[in-house]
Structure formats: structure tokens, C-alpha cells
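S.K.: Next up is a structure, given as C-alpha cells.
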Amino acid sequence: MAPLASLPLPPSTAVTARFLAAPAIRVISPSRPALPLLSSASAGGFPHASRAPCSAAREHRRGTVRECSRADAAGAAPLSKTLLDLKDSCWRFLRPHTIRGTALGSIALVARALIENSHLINWWLIFKAFYGLGALIFGNGYIVGINQIYDVAIDKINKPYLPIAAGDLSIQSAWLLVILFAAAGFSIVISNFGPFITSLYCLGLFLGTIYSVPPFRLKRYPVAAFLIIATVRGFLLNFGVYYATRAALGLTFQWSSPVAFITCFVTLFALVIAITKDLPDVEGDRKYQISTLATKLGVRNIAFLGSGLLLANYIAAIAVAFTMPQAFRCTVMVPVHAVLAGGLIFQTWVLEQAKYRKDAISQYYRFIWNLFYAEYIFFPLI
């Protein structure tokens, strides 16, 4: 049998074969006029054919506008989130619980100085007081920031929520922040508070530096670390703020009984904070061979030591109120310190019942800071 392609085909069949052989091409026979196709289009066979290009263009423009709007909205969200994350990182970098202590202490001492010399109050000095508070917060930020920079490896174990340890803040950014904090604080103090307060401020920055920075890194030595923290947060803060406030009022420095009391009380309290701050950090301190009383004597012994020192502080405060009724208000001093001492005893008992778990230790340490805040809150009233 001959192949199909070799068989002769009639003309009409040949046209059909050519059409089937090329399905993608629409073949119009030359013998068929194109007029009926055109006439059917004009007669309504394709009623939207003439408007299709314009409609498509309009739809394309509308679609482009919608896509651009969605892109703008999508771009705004990450920017907002980035700014919020940066704000959160900077706030955690400042260690808010230390800022609260610094701010409350400054406000309480200024208030006490104004209460003692109410006839000398010049309300314009309030602005100067806020400058001083800003300088103290900057100094506080420098000290806690420089500590985080050199404690990254330890903080990844002990405090993984801190911004550098968590990877939320780079070392370069942290250095930029601490330099800005130190420069801003120094500029405020030297331009508003004279050479003596400036020297005290620089002493505080220096002590905070050698506490953390090699080759000194005095935080490795328990006694040196305790003395630095007690000096900076206890004596320097209270004495410096009270001295600066009296100087702003045009008075020479003179100790008052309440200010002498709070300076001694808070210096011992800062010593307790220095002792107990290492309780939640025992694991990392042991790994990196940081010698603390908590690593040497154990968590339970240090917790009892801290609570015992604070309890002695409260008993002494109550005794001072009874022995110097002319200088203190017994109706405030006695019940307030009795209640705070009772709270301390209860929190120590809770820690004991929790078998010194890490979460219970952190709760105990936070409670110590709350007692610290409470002392400053009630101080202007004593």
C-alpha cells in the first residue's frame, strides 16, 4: 500500500489538510472574502472589541496603584517595627531598674534639701535639678553599658535578655552609646555644677570603668566590687546631689540628720545589692571563673547574709527614730521600717521554700530593689 501522503487529493481536501497540519495558524482561504468577518464585527458580533485596549489600560493603571499602595504599607510596617525594636534595645541597655534607683534617689534628696530650706526655693532651679538628673542618668547608662560590653560571654548565660547578649545591639552601637552618655553627662555637669561636683562625677565614671574594663576589671574581686558599688550608688550619689542642691540654693554644705541617715542607710543597702546581685549569676560566673561570694559560699548563705544585713539596717533605723525624736518623725520612721523588715523576712522565707530555684532567686533580688526604691520614696517624709 502506498503511503497516505503519496495519494492524490482533491483541491478542497488539500486545503483541509493544510489547515489541520498547522493548528496554531488561522487559515483563511483566498477564495473566501474577508468582508463577512468585518461586517459581523461591525454588526455586533464582537461588541467590546473596539473598547478592549482602553479598558485593559485602565485596569492596568488601577492594578498598579493598588500594588504600589500595598508595597507602601508593607514598607511602613518593617520601619515602624525597626524603630520599636531599637527603642526596646536601648531601654534594656540602660538597665531600667538601676535608672529608677538613681532617679528616685536624686528626687528624694533634692526634695529633702528644699523642705529644709523652703524659704530659699527658686522655682527656676527646678530646671537645673532636671539637668542634674539627666547627667546622673547618662552616667548610670555609661556604667551599666560598659559593663555589658565586656560581659557579653557571661551575659549569654546569666542574662540572655540583655540587648548585646541577645544580638539585638551590636558592640559598635553599644560603644557609640556609652561614649555619647559619658560626653553628654560630663558636658551637663561641667557647665552647670562647678568643678567640685564635676570631679565627683568623673570619679564615679572612673570607678564604673575600672569595675568592668580590663586590665583592672575589679568586679573579679568581691571586696573591691562591693566597695565600688557601695561608694558610687551609696555615698557619691547622696552626698553629691545634696551638696549640689545646697550650692544651687546659695548655701554651704552642712550635713543634716536625715541626709546623714539616708547616706549611711543606702551605702549599706548598696553593699547588700552588690552581694545579692550575683545570686542569679552563679552559673555563668563559675564558668568564666568570676570569683564572687555566691560562687564561694553558696546561694543560700549569701541570701541569708544579705537579708541579715538589711534587717540590721531596719532595726538601726527604728532605733535612730527613738533616740533622736527631735530630728526624725517616729510616726513615719518606725512603722515604715517595721513593715519593710517584715516584707524582707517573708520574701526570704519564700526563697527558702522554693529551694533556691533560679526564678525564686531572681524574684528575691527584684524585691531587694523594691525595698531600695521604697526607702527613697518615704525619705522626704521622715
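Letters for chains follow the order of the C-alpha cells (A, B, ...), residue numbers begin at 1 for each chain, and ligand numbers begin at 1 in the order shown.
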Residues of range 172-276 of chain A that have any atom at most 12 Å from an atom of range 314-322 of chain A: could you tabulate them with the shortest-distance atom pair and the distance in Å to one decimal, using only C-alpha atoms, ordered by chain and increasing number, as CSV?
M.R.:
```
residue,atom,partner,partner_atom,distance
A:Ser257,CA,A:Val320,CA,10.1
A:Pro258,CA,A:Ala321,CA,10.2
A:Ala260,CA,A:Val320,CA,11.6
A:Phe261,CA,A:Ala317,CA,8.2
A:Ile262,CA,A:Ala317,CA,9.5
A:Cys264,CA,A:Ala317,CA,10.3
A:Phe265,CA,A:Ala317,CA,8.0
A:Val266,CA,A:Tyr314,CA,11.1
A:Leu268,CA,A:Tyr314,CA,10.9
A:Phe269,CA,A:Tyr314,CA,10.2
```
S.K.: How close does range 264-372 of chain A get to range 98-113 of chain A? List, as a tab-separated table, each residue of range 264-372 of chain A within 10 Å, its nearest atom pair and the distance in Å to one decimal, counting only C-alpha atoms.
M.R.:
```
residue	atom	partner	partner_atom	distance
A:Val266	CA	A:Gly105	CA	9.5
A:Trp369	CA	A:Gly101	CA	8.0
A:Asn370	CA	A:Gly101	CA	9.1
A:Phe372	CA	A:Gly101	CA	7.3
```
S.K.: CA of Tyr131 in chain A to CA of Ala270 in chain A: how many Å, to one decimal?
M.R.: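 Straight-line distance from CA of Tyr131 in chain A to CA of Ala270 in chain A works out to 24.5 Å.
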S.K.: Which of range 190-335 of chain A end up as helix (DSSP H, G or I) when DSSP is run on this backbone - answer as a ChimeraX atom specification?
M.R.: /A:190-192,194-212,218-220,222-248,257-276,279-287,293-297,299-323,330-335
S.K.: What is the distance between CA of Thr252 in chain A and CA of Asn140 in chain A, in Å to one decimal?
M.R.: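 Calculated distance between CA of Thr252 in chain A and CA of Asn140 in chain A is 26.9 Å.
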S.K.: Go through A:Ser307, A:Ile121, A:Phe328, A:Pro280 and flag the residue nearest Asp359 in chain A, using only C-alpha atoms for the distances.
M.R.: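 Closest residue, counting only C-alpha atoms: A:Pro280.
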